[in-house]
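Here is coords08.cif, consisting of mmCIF, C-alpha atoms and all ligand atoms:
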```
data_structure
#
loop_
_atom_site.label_atom_id
_atom_site.label_comp_id
_atom_site.auth_asym_id
_atom_site.auth_seq_id
_atom_site.Cartn_x
_atom_site.Cartn_y
_atom_site.Cartn_z
CA ALA A 1 -9.93 26.18 -2.51
CA ALA A 2 -6.96 26.52 -0.20
CA LEU A 3 -4.62 23.56 -0.18
CA PRO A 4 -3.46 22.28 3.21
CA ALA A 5 0.20 23.16 3.85
CA PRO A 6 2.59 20.42 2.69
CA ASP A 7 3.89 17.99 5.32
CA PRO A 8 7.61 17.67 4.43
CA ALA A 9 8.36 15.36 7.37
CA ALA A 10 5.71 12.89 6.25
CA LEU A 11 6.99 13.14 2.69
CA ALA A 12 10.56 12.36 3.80
CA ALA A 13 9.27 9.41 5.83
CA ARG A 14 7.64 7.94 2.72
CA LEU A 15 10.92 8.27 0.83
CA ARG A 16 12.64 6.35 3.65
CA THR A 17 9.96 3.65 3.33
CA SER A 18 10.86 3.36 -0.37
CA LEU A 19 14.46 2.72 0.62
CA ALA A 20 13.36 0.00 3.05
CA GLN A 21 11.41 -1.54 0.15
CA GLY A 22 14.41 -1.68 -2.17
CA ALA A 23 15.11 1.75 -3.66
CA PRO A 24 18.81 2.76 -3.44
CA GLY A 25 17.70 6.39 -3.29
CA ALA A 26 14.66 8.66 -3.52
CA MET A 27 14.05 12.37 -3.66
CA ALA A 28 11.27 14.93 -3.96
CA ARG A 29 10.91 18.66 -4.54
CA ILE A 30 7.83 20.79 -3.87
CA ASP A 31 7.56 24.27 -5.42
CA ASP A 32 4.79 26.14 -3.62
CA HIS A 33 3.71 29.50 -5.01
CA ARG A 34 0.51 29.48 -2.97
CA LEU A 35 2.07 31.14 0.06
CA SER A 36 2.80 34.41 -1.73
CA HIS A 37 1.21 36.73 -4.25
CA ASP A 38 4.40 37.30 -6.20
CA ASP A 39 6.10 34.57 -8.19
CA HIS A 40 8.34 33.64 -5.25
CA ALA A 41 8.12 29.92 -4.52
CA THR A 42 8.63 28.21 -1.22
CA VAL A 43 10.76 25.19 -2.11
CA TYR A 44 10.83 21.98 -0.04
CA LYS A 45 13.43 19.33 -0.85
CA ALA A 46 13.73 15.83 0.53
CA MET A 47 16.39 13.32 -0.43
CA GLU A 48 17.26 9.92 0.97
CA GLY A 49 19.82 7.24 0.11
CA VAL A 50 22.26 7.19 -2.78
CA ALA A 51 22.37 8.34 -6.39
CA ASP A 52 25.19 5.85 -7.08
CA ARG A 53 25.50 2.46 -5.32
CA GLY A 54 29.12 2.17 -6.45
CA THR A 55 30.41 5.43 -4.98
CA ALA A 56 27.69 5.93 -2.32
CA GLU A 57 27.24 9.47 -3.73
CA PRO A 58 24.15 10.75 -1.90
CA MET A 59 20.95 11.46 -3.82
CA ASP A 60 20.63 15.20 -4.51
CA ALA A 61 17.37 16.92 -5.47
CA ALA A 62 19.27 18.63 -8.31
CA ASP A 63 20.23 15.33 -9.91
CA ARG A 64 18.95 14.71 -13.42
CA PHE A 65 17.16 11.46 -14.30
CA ARG A 66 15.18 9.65 -17.00
CA ILE A 67 11.52 10.71 -16.76
CA GLY A 68 9.89 7.91 -18.80
CA SER A 69 6.28 8.59 -19.71
CA VAL A 70 6.23 12.09 -18.27
CA THR A 71 7.63 12.64 -21.80
CA LYS A 72 4.09 11.97 -23.08
CA THR A 73 2.90 15.22 -21.51
CA PHE A 74 5.58 17.13 -23.47
CA SER A 75 4.52 15.37 -26.71
CA ALA A 76 0.85 16.16 -26.04
CA VAL A 77 1.67 19.86 -25.43
CA VAL A 78 3.48 20.05 -28.78
CA LEU A 79 0.50 18.53 -30.63
CA LEU A 80 -1.99 20.76 -28.79
CA GLN A 81 0.06 23.82 -29.73
CA LEU A 82 -0.02 22.62 -33.34
CA ALA A 83 -3.80 22.25 -33.02
CA ALA A 84 -4.02 25.82 -31.69
CA GLU A 85 -2.03 26.92 -34.76
CA GLY A 86 -4.57 25.19 -36.99
CA ARG A 87 -2.00 22.68 -38.24
CA VAL A 88 -3.76 19.55 -36.95
CA ARG A 89 -7.31 18.68 -35.90
CA LEU A 90 -7.73 16.42 -32.86
CA ASP A 91 -10.81 14.70 -34.27
CA SER A 92 -9.36 14.04 -37.71
CA PRO A 93 -8.25 10.49 -38.49
CA VAL A 94 -4.49 9.96 -38.21
CA ASP A 95 -4.86 8.55 -41.73
CA HIS A 96 -5.49 12.11 -42.95
CA TYR A 97 -1.95 13.13 -41.98
CA LEU A 98 -0.15 9.77 -42.27
CA PRO A 99 -2.03 7.91 -45.04
CA GLY A 100 -1.97 4.13 -44.76
CA LEU A 101 0.13 4.09 -41.59
CA LEU A 102 -2.48 2.60 -39.24
CA PRO A 103 -4.72 -0.40 -39.86
CA ASP A 104 -7.93 1.45 -38.97
CA ASP A 105 -8.82 4.87 -40.34
CA ARG A 106 -11.23 5.41 -37.45
CA ILE A 107 -8.25 6.14 -35.15
CA THR A 108 -8.09 9.89 -34.58
CA VAL A 109 -5.37 12.13 -33.15
CA ARG A 110 -7.45 12.44 -29.97
CA HIS A 111 -7.58 8.64 -29.64
CA LEU A 112 -3.76 8.59 -29.66
CA LEU A 113 -3.34 11.28 -27.00
CA SER A 114 -6.03 9.81 -24.71
CA HIS A 115 -4.82 6.18 -25.09
CA SER A 116 -8.15 5.10 -26.55
CA SER A 117 -7.00 3.96 -30.02
CA GLY A 118 -6.72 0.24 -29.22
CA LEU A 119 -3.19 0.06 -30.69
CA TYR A 120 -1.37 -2.83 -28.94
CA ASP A 121 1.48 -1.85 -26.60
CA TYR A 122 4.63 -3.49 -28.04
CA THR A 123 6.46 -3.07 -24.69
CA SER A 124 4.30 -5.91 -23.32
CA ASP A 125 6.27 -8.19 -25.66
CA LEU A 126 9.65 -6.43 -25.32
CA PHE A 127 9.67 -6.50 -21.50
CA ALA A 128 7.76 -9.71 -20.72
CA ARG A 129 11.08 -10.87 -19.19
CA THR A 130 12.40 -7.79 -17.44
CA VAL A 131 16.21 -8.01 -17.53
CA PRO A 132 16.68 -10.03 -20.76
CA GLY A 133 14.15 -7.76 -22.46
CA PHE A 134 15.99 -4.67 -21.29
CA GLU A 135 19.46 -5.97 -22.17
CA ALA A 136 18.19 -6.84 -25.69
CA VAL A 137 17.20 -3.21 -26.39
CA ARG A 138 19.36 -1.04 -24.09
CA THR A 139 21.75 -0.01 -26.88
CA ARG A 140 19.41 -0.58 -29.83
CA VAL A 141 18.28 2.32 -31.98
CA PHE A 142 14.77 1.76 -33.36
CA THR A 143 12.96 3.75 -36.03
CA TYR A 144 9.40 4.77 -35.19
CA ARG A 145 8.32 2.45 -38.01
CA GLU A 146 10.04 -0.55 -36.40
CA LEU A 147 8.28 0.12 -33.09
CA LEU A 148 4.91 0.49 -34.83
CA ASP A 149 5.52 -2.75 -36.73
CA LEU A 150 6.06 -4.53 -33.38
CA SER A 151 2.62 -3.27 -32.33
CA LEU A 152 0.86 -4.10 -35.60
CA ARG A 153 1.74 -7.76 -35.24
CA HIS A 154 -1.25 -7.74 -32.89
CA PRO A 155 -4.86 -6.76 -33.63
CA LEU A 156 -6.33 -3.65 -32.00
CA THR A 157 -7.20 -4.33 -28.35
CA GLN A 158 -10.52 -2.49 -28.65
CA VAL A 159 -12.68 -0.50 -31.07
CA PRO A 160 -11.08 2.98 -31.38
CA GLY A 161 -12.62 5.34 -28.81
CA ALA A 162 -14.13 2.55 -26.68
CA GLY A 163 -12.31 3.67 -23.52
CA HIS A 164 -8.89 4.15 -21.90
CA ALA A 165 -6.36 1.48 -22.95
CA TYR A 166 -2.85 2.73 -22.16
CA SER A 167 -0.32 1.98 -24.89
CA ASN A 168 3.13 3.40 -25.61
CA THR A 169 2.37 2.87 -29.29
CA ASN A 170 0.02 5.86 -29.21
CA TYR A 171 2.87 8.24 -28.41
CA VAL A 172 5.21 6.65 -30.93
CA VAL A 173 2.58 7.53 -33.56
CA ALA A 174 2.28 10.97 -31.93
CA GLY A 175 6.04 11.41 -32.49
CA LEU A 176 5.66 10.41 -36.14
CA LEU A 177 2.81 12.93 -36.43
CA ILE A 178 4.86 15.76 -34.88
CA GLU A 179 7.68 15.08 -37.35
CA GLU A 180 5.28 14.91 -40.29
CA LEU A 181 3.48 18.13 -39.38
CA THR A 182 6.58 20.19 -38.57
CA GLY A 183 9.32 18.65 -40.73
CA HIS A 184 11.47 18.62 -37.57
CA PRO A 185 12.59 15.88 -35.20
CA VAL A 186 10.66 15.87 -31.91
CA ARG A 187 13.79 17.11 -30.12
CA THR A 188 13.58 20.44 -32.03
CA GLU A 189 9.92 20.86 -31.14
CA TYR A 190 10.48 20.08 -27.43
CA GLU A 191 13.34 22.60 -27.37
CA ASN A 192 11.60 25.39 -29.31
CA ARG A 193 8.15 25.12 -27.73
CA ILE A 194 8.83 24.08 -24.13
CA ILE A 195 12.47 23.72 -22.99
CA GLU A 196 13.79 27.07 -24.18
CA PRO A 197 10.74 29.23 -23.40
CA LEU A 198 10.60 27.82 -19.84
CA GLN A 199 14.41 27.75 -19.48
CA LEU A 200 14.38 24.08 -18.47
CA SER A 201 18.17 23.84 -18.25
CA ASP A 202 18.10 20.29 -16.84
CA THR A 203 15.83 18.92 -19.60
CA PHE A 204 17.26 17.11 -22.63
CA TYR A 205 16.21 14.83 -25.47
CA VAL A 206 19.49 13.09 -26.27
CA HIS A 207 18.10 10.08 -28.20
CA PRO A 208 19.83 7.99 -29.49
CA GLY A 209 22.63 8.91 -27.05
CA THR A 210 22.89 6.73 -23.93
CA GLY A 211 24.39 9.25 -21.52
CA ILE A 212 22.83 11.74 -19.12
CA PRO A 213 24.46 15.21 -19.28
CA GLY A 214 25.90 16.79 -16.12
CA ARG A 215 25.11 15.46 -12.63
CA TYR A 216 22.56 12.66 -12.48
CA ALA A 217 21.22 9.78 -10.43
CA ARG A 218 22.10 6.29 -11.62
CA GLY A 219 19.04 4.03 -12.08
CA TYR A 220 18.68 0.41 -10.97
CA LEU A 221 16.41 -2.25 -12.47
CA THR A 222 14.98 -4.93 -10.16
CA PRO A 223 15.14 -8.39 -11.77
CA ASP A 224 12.04 -10.60 -11.77
CA GLU A 225 13.93 -13.28 -9.81
CA ALA A 226 13.66 -12.68 -6.06
CA GLU A 227 17.00 -11.90 -4.35
CA ALA A 228 18.77 -11.36 -7.70
CA PRO A 229 21.05 -8.28 -7.58
CA LEU A 230 19.90 -4.93 -8.99
CA VAL A 231 21.01 -4.16 -12.57
CA ASP A 232 22.52 -0.73 -13.28
CA ALA A 233 20.27 0.52 -16.12
CA THR A 234 21.57 4.09 -16.32
CA GLU A 235 23.11 3.98 -19.79
CA GLN A 236 20.50 3.16 -22.41
CA THR A 237 19.19 4.74 -25.63
CA VAL A 238 15.51 4.57 -24.50
CA SER A 239 14.97 4.14 -28.24
CA TRP A 240 12.16 1.70 -27.41
CA ALA A 241 10.20 4.75 -26.21
CA GLN A 242 11.49 8.02 -27.85
CA SER A 243 8.50 10.47 -27.94
CA ALA A 244 6.72 8.11 -25.50
CA GLY A 245 9.45 8.20 -22.84
CA ALA A 246 13.00 9.29 -23.65
CA LEU A 247 13.31 12.74 -22.05
CA ILE A 248 15.77 13.52 -19.24
CA SER A 249 14.88 16.17 -16.68
CA SER A 250 14.97 17.15 -12.99
CA THR A 251 12.56 17.73 -10.10
CA ARG A 252 12.93 21.49 -10.53
CA ASP A 253 12.26 21.47 -14.28
CA LEU A 254 9.26 19.15 -14.12
CA ASN A 255 7.72 21.34 -11.42
CA THR A 256 8.31 24.39 -13.62
CA PHE A 257 6.82 22.61 -16.66
CA LEU A 258 3.64 21.40 -14.93
CA SER A 259 3.14 24.69 -13.13
CA ALA A 260 3.39 26.53 -16.46
CA LEU A 261 1.05 24.03 -18.14
CA LEU A 262 -1.77 24.12 -15.54
CA GLY A 263 -1.10 27.82 -15.00
CA GLY A 264 -2.07 28.44 -18.63
CA ARG A 265 1.36 29.57 -19.85
CA LEU A 266 1.91 26.81 -22.46
CA LEU A 267 -1.50 26.43 -24.13
CA PRO A 268 -4.48 28.67 -24.88
CA ALA A 269 -7.34 28.02 -22.42
CA ALA A 270 -9.42 26.12 -24.98
CA ARG A 271 -6.58 23.65 -25.66
CA LEU A 272 -5.81 23.15 -21.97
CA ALA A 273 -9.52 22.38 -21.54
CA GLU A 274 -9.18 19.72 -24.27
CA MET A 275 -6.24 18.23 -22.34
CA ARG A 276 -8.49 17.99 -19.29
CA ARG A 277 -11.39 16.12 -20.92
CA TRP A 278 -11.16 13.02 -18.69
CA ILE A 279 -11.63 9.34 -19.47
CA PRO A 280 -11.88 7.12 -16.34
CA ALA A 281 -8.60 5.21 -15.84
CA GLY A 282 -9.11 3.32 -12.60
CA THR A 283 -10.14 4.18 -9.04
CA GLY A 284 -9.49 7.81 -8.25
CA GLN A 285 -7.76 8.47 -11.54
CA ALA A 286 -8.52 9.63 -15.04
CA TYR A 287 -6.60 10.33 -18.24
CA GLY A 288 -7.02 13.35 -20.50
CA LEU A 289 -4.64 14.10 -23.38
CA GLY A 290 -1.14 13.17 -22.14
CA LEU A 291 -2.25 14.18 -18.66
CA ARG A 292 -3.24 12.13 -15.63
CA ARG A 293 -5.65 13.29 -12.92
CA ARG A 294 -5.38 11.71 -9.50
CA ASP A 295 -8.02 12.31 -6.83
CA LEU A 296 -6.43 12.36 -3.36
CA SER A 297 -7.86 11.33 0.02
CA CYS A 298 -8.47 14.95 1.11
CA GLY A 299 -10.66 15.71 -1.92
CA VAL A 300 -7.89 17.50 -3.83
CA SER A 301 -7.26 16.50 -7.44
CA VAL A 302 -3.78 16.82 -8.93
CA TYR A 303 -2.62 16.81 -12.54
CA GLY A 304 0.54 15.45 -14.17
CA HIS A 305 2.08 12.16 -15.19
CA THR A 306 4.00 9.19 -13.87
CA GLY A 307 6.98 7.52 -15.48
CA ALA A 308 8.54 4.07 -15.36
CA VAL A 309 11.71 3.54 -17.36
CA GLN A 310 14.32 0.95 -16.43
CA GLY A 311 15.94 2.27 -13.26
CA TYR A 312 13.67 5.24 -12.62
CA TYR A 313 10.16 5.82 -11.16
CA THR A 314 8.93 9.40 -11.61
CA TYR A 315 5.85 11.11 -10.12
CA ALA A 316 5.21 14.68 -11.36
CA PHE A 317 1.96 16.44 -10.40
CA THR A 318 0.63 19.95 -9.83
CA SER A 319 -2.47 21.58 -8.32
CA GLU A 320 -5.49 22.79 -10.29
CA ASP A 321 -3.98 26.26 -10.68
CA GLY A 322 -0.41 25.06 -11.10
CA ARG A 323 0.70 26.93 -7.97
CA ARG A 324 1.95 23.92 -6.05
CA SER A 325 3.96 21.19 -7.83
CA LEU A 326 5.64 18.03 -6.63
CA THR A 327 8.11 15.85 -8.46
CA ALA A 328 9.34 12.69 -6.74
CA LEU A 329 11.87 10.13 -8.03
CA ALA A 330 13.08 6.74 -6.90
CA ASN A 331 16.13 5.37 -8.74
CA VAL A 332 14.72 1.87 -8.98
CA SER A 333 12.04 0.21 -11.12
CA ASN A 334 10.15 -3.10 -11.47
CA ASN A 335 9.35 -2.87 -7.74
CA GLY A 336 5.60 -2.60 -7.10
CA ARG A 337 5.93 -1.74 -3.41
CA VAL A 338 8.25 1.18 -4.13
CA HIS A 339 5.88 2.33 -6.89
CA LEU A 340 2.91 2.46 -4.49
CA THR A 341 4.94 4.18 -1.76
CA MET A 342 6.26 6.80 -4.17
CA LEU A 343 2.75 7.36 -5.57
CA SER A 344 1.63 8.05 -2.00
CA THR A 345 4.04 11.02 -1.74
CA LEU A 346 1.28 13.02 -3.45
CA GLU A 347 -0.70 12.80 -0.21
CA PRO A 348 1.63 14.71 2.20
CA ALA A 349 2.55 17.07 -0.64
CA PHE A 350 -1.02 18.17 -1.40
CA CYS A 351 -3.09 17.00 1.60
CA GLY A 352 -0.50 17.88 4.26
CA LYS A 353 -1.42 16.56 7.71
CA ARG A 354 -4.78 15.37 6.32
CA ALA A 355 -2.91 12.82 4.19
CA LYS A 356 -3.93 9.20 4.29
C1 LIG B 401 1.91 2.99 -17.31
C2 LIG B 401 3.39 2.92 -16.92
C3 LIG B 401 3.56 2.37 -15.51
S1 LIG B 401 4.25 1.89 -18.11
C4 LIG B 401 4.52 3.19 -19.23
C5 LIG B 401 5.94 3.51 -19.66
N1 LIG B 401 6.95 2.57 -19.35
C6 LIG B 401 7.04 1.40 -20.02
O1 LIG B 401 6.22 1.04 -20.84
C7 LIG B 401 8.19 0.49 -19.62
C8 LIG B 401 7.61 -0.70 -18.92
C9 LIG B 401 8.69 -1.67 -18.52
C10 LIG B 401 9.52 -1.10 -17.42
C11 LIG B 401 10.18 -2.20 -16.59
N2 LIG B 401 9.26 -3.26 -16.19
C12 LIG B 401 9.34 -4.50 -16.71
O2 LIG B 401 10.17 -4.83 -17.54
C13 LIG B 401 8.32 -5.48 -16.20
N3 LIG B 401 8.45 -6.78 -16.86
C14 LIG B 401 10.68 -1.52 -15.32
O3 LIG B 401 9.95 -1.52 -14.31
O4 LIG B 401 11.77 -0.93 -15.39
C15 LIG B 401 5.85 4.65 -18.70
O5 LIG B 401 6.66 5.35 -18.23
N4 LIG B 401 4.52 4.40 -18.41
C16 LIG B 401 4.11 4.27 -17.06
C17 LIG B 401 3.21 5.44 -16.64
O6 LIG B 401 2.64 6.10 -17.54
O7 LIG B 401 3.11 5.63 -15.41
#
```

Let me see whether you can do it: turn the structure in this file into structure tokens.
Ligand SMILES: CC1(C)S[C@@H]2[C@H](NC(=O)CCCC[C@H](NC(=O)C[NH3+])C(=O)[O-])C(=O)N2[C@H]1C(=O)[O-]
Amino acid sequence: AALPAPDPAALAARLRTSLAQGAPGAMARIDDHRLSHDDHATVYKAMEGVADRGTAEPMDAADRFRIGSVTKTFSAVVLLQLAAEGRVRLDSPVDHYLPGLLPDDRITVRHLLSHSSGLYDYTSDLFARTVPGFEAVRTRVFTYRELLDLSLRHPLTQVPGAGHAYSNTNYVVAGLLIEELTGHPVRTEYENRIIEPLQLSDTFYVHPGTGIPGRYARGYLTPDEAEAPLVDATEQTVSWAQSAGALISSTRDLNTFLSALLGGRLLPAARLAEMRRWIPAGTGQAYGLGLRRRDLSCGVSVYGHTGAVQGYYTYAFTSEDGRRSLTALANVSNNGRVHLTMLSTLEPAFCGKRAK
């Protein structure tokens, strides 16, 4: 079905609303291949505010940033490629590959990737107090085992497979599984299977480094205390997340990645179909394997992931056929109003003037 043309003016207006709600800067890029039969894309860029509050450097759509849980889609693609190669079975217990690691041998690889394992999310403890929690881990380097141990202090939150229960722990175990199956660090697998084949020259896994290569937007964390000043959260290891959230990328590269994924250029059709077996995850949204589906007001569904890492809110989605992609970024976090406004950029991007 034809998508309505994007409404760039409405998209830019929503970015300006995010600034009024506390974001120092915001940006978005749409790559639209639906207007032509060749691979030429019509590119729309919108940018508002600043990438750096100290220098007032304007936000630029080419700026790199921390993508948070959009990383989970990369990790899921690696495991689904390994499944296509016959090196892992989605419905096998994790215990088969990592004996004794988890407390319940009913937890399968599919449970991890669909967030239905019941493994407790350790970040609920780490970040109960936003700024102190962040400052306590911003330069720490965790092992996967240490993060899993933080989770296993708590019982499972549900019987494995009972439904969608989002937990970063699932993608920490997914990282352990990737390393066990391949003998390589996840960085090597991201590079060999996704970054290099798609020429994602703005995409990096620098863990445990704290810097962002090249030109980037600084990210600002909103304290829990009203009126307290923003905290510059740019430099951090993101070791609390790793294969659950430590990638760096750009609006261009995430659009290329999601367009390739939904366009069938990263996974065989049968594996992409597995990724799109949906579990309900709230009104108008569902979760597959490392992939979110959001159902928009105009009846269009879009596919991708969101990300929330200290200082950065990311929204990366594409159309059913991967021919129109949007990535939007606000360089602030812990701000619910900005989150909802940025989430609403999907509407003008995919519903155009029919957006709600
Ligand atoms: C499900 C989410 C939203 S949370 C999950 C993951 N991010 C985290 O787990 C970090 C949460 C703390 C971030 C911090 N908030 C606090 O400390 C609040 N006390 C802030 O806003 O910077 C990610 O990314 N996912 C998002 C996703 O998948 O969209």

Closest to ligand LIG 401 (chain B) among A:Arg292, A:His207, A:Arg14, A:Arg193, using all atoms listed in the file?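 Comparing A:Arg292, A:His207, A:Arg14, A:Arg193 against ligand LIG 401 (chain B), the winner is A:Arg292.
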
Report the centre and edge lengths, in Å to one decimal, of an axis-aligned box enclosing every atom of ligand LIG 401 (chain B) listed in the file, padded by 5 Å on each side, as JSON.
```
{"center_x": 6.8, "center_y": -0.3, "center_z": -17.6, "size_x": 19.9, "size_y": 22.9, "size_z": 16.5}
```

Using all atoms listed in the file, which residue out of A:Arg265, A:Arg293, A:Arg87, A:Arg153 lies closest to ligand LIG 401 (chain B)? A:Arg293

Quick one: which segment 64-96 of chain A residues come within 12 Å of segment 109-129 of chain A, and what is the nearest atom pair for each with the distance in Å to one decimal, counting only C-alpha atoms, rows ordered by chain and ascending number, as a tab-separated table?
```
residue	atom	partner	partner_atom	distance
A:Lys72	CA	A:Leu113	CA	8.4
A:Thr73	CA	A:Leu113	CA	9.2
A:Phe74	CA	A:Leu113	CA	11.2
A:Ser75	CA	A:Leu113	CA	8.9
A:Ala76	CA	A:Leu113	CA	6.5
A:Val77	CA	A:Leu113	CA	10.1
A:Val78	CA	A:Leu113	CA	11.3
A:Leu79	CA	A:Leu113	CA	9.0
A:Leu80	CA	A:Leu113	CA	9.7
A:Leu82	CA	A:Val109	CA	11.8
A:Ala83	CA	A:Val109	CA	10.2
A:Val88	CA	A:Val109	CA	8.5
A:Arg89	CA	A:Val109	CA	7.4
A:Leu90	CA	A:Val109	CA	4.9
A:Asp91	CA	A:Arg110	CA	5.9
A:Ser92	CA	A:Val109	CA	6.4
A:Pro93	CA	A:Val109	CA	6.3
A:Val94	CA	A:Val109	CA	5.6
A:Asp95	CA	A:Val109	CA	9.3
A:His96	CA	A:Val109	CA	9.8
```

Counting only C-alpha atoms, which of A:Gly86, A:Gly49, A:Pro160, A:Pro208 gets nearest to Gly22 of chain A?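 Among the listed residues, the smallest separation from Gly22 of chain A belongs to A:Gly49.
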
Wanna dump the chain A-ligand LIG 401 (chain B) contacts at 6 Å for me, each residue with its shortest atom pair and the distance in Å to one decimal, counting all atoms listed in the file, ordered by chain and number, as a Markdown table?
```
| residue | atom | partner | partner_atom | distance |
| --- | --- | --- | --- | --- |
| A:Gly68 | CA | B:LIG401 | O5 | 4.2 |
| A:Ser69 | CA | B:LIG401 | O5 | 3.6 |
| A:Thr123 | CA | B:LIG401 | O1 | 5.6 |
| A:Phe127 | CA | B:LIG401 | O2 | 4.3 |
| A:Ala128 | CA | B:LIG401 | N3 | 4.9 |
| A:Arg129 | CA | B:LIG401 | N3 | 5.4 |
| A:Thr130 | CA | B:LIG401 | O2 | 3.7 |
| A:Leu221 | CA | B:LIG401 | O4 | 5.6 |
| A:Thr306 | CA | B:LIG401 | O7 | 4.0 |
| A:Gly307 | CA | B:LIG401 | O5 | 3.5 |
| A:Ala308 | CA | B:LIG401 | O5 | 3.7 |
| A:Val309 | CA | B:LIG401 | O4 | 4.9 |
| A:Gln310 | CA | B:LIG401 | O4 | 3.3 |
| A:Gly311 | CA | B:LIG401 | O4 | 5.7 |
| A:Ser333 | CA | B:LIG401 | O3 | 4.2 |
| A:Asn334 | CA | B:LIG401 | O3 | 3.3 |
```

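From atom CA of Leu346 of chain A back to atom CA of Ala241 of chain A, the distance works out to 25.8 Å.
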
For atom CA of Phe142 of chain A and atom CA of Phe204 of chain A, quote the distance in Å rounded to one decimal.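 If I compute the distance from atom CA of Phe142 of chain A to atom CA of Phe204 of chain A, I get 18.9 Å.
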
Would you pick out the contacts of Ala233 of chain A at 10 Å or less, using all atoms listed in the file, so that residues sharing its chain but fewer than 2 positions from it are not included, and give the list as a PyMOL selection string? chain A and resi 131+134-135+138+218-222+230-231+235-236+309-312+331-333

What is the atom CA of Leu3 of chain A to atom CA of Leu343 of chain A distance in Å?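 Computing it gives 18.6 Å between the two atoms.
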
Which residues, written as a ChimeraX atom specification, have at least one atom at most 9 Å from Asp52 of chain A, with all atoms listed in the file counted and residues fewer than 2 positions away on the same chain left out? /A:24-25,50,54-59,217-219

List the neighbours of Thr203 of chain A out to 7 Å using all atoms listed in the file; skip same-chain residues closer than 5 positions along the sequence, and give me the result as a list in words.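 Close residues of Thr203 of chain A: Ile195, Ile248, Ser249, Ser250 and Asp253 of chain A.
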
Extract, using all atoms listed in the file, all DNA, RNA and protein residues at most 9 Å from Arg277 of chain A, discarding same-chain residues fewer than 6 positions from it, and format them as a list in words. Tyr287, Gly288 and Leu289 of chain A

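Comparing the minimum interatomic distances between Val141 of chain A and each of A:Trp240, A:Tyr166, A:Gly322, A:Arg252, counting all atoms listed in the file, we find that A:Trp240 sits nearest.
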
Measuring atom to atom with only C-alpha atoms, identify which of A:Phe350, A:Tyr190, A:Tyr97, A:Tyr216 is nearest to Ser301 of chain A.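 Ranked by minimum distance to Ser301 of chain A, first place goes to A:Phe350.
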
Please provide the set of residues having any atom within 8 Å of Gln21 of chain A, restricted to all atoms listed in the file, with same-chain residues fewer than 4 positions apart removed, written as a list in words.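 Skipping anything fewer than 4 positions along the chain leaves Thr17, Arg337 and Val338 of chain A.
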
File of the preceding selection, C-alpha atoms, as a PDB file, in the coordinates of the input:
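So the final result, stored in selection_2.pdb, reads:
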```
ATOM      1  CA  THR A  17       9.960   3.650   3.330  1.00  0.00           C
ATOM      2  CA  ARG A 337       5.930  -1.740  -3.410  1.00  0.00           C
ATOM      3  CA  VAL A 338       8.250   1.180  -4.130  1.00  0.00           C
TER       4      VAL A 338
END
```

Looking at A:Asn192, A:Ser243, A:Ala41, A:Ser297, which one is nearest to Lys353 of chain A, with distances taken over only C-alpha atoms?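 Of all the options, A:Ser297 lies closest to Lys353 of chain A.
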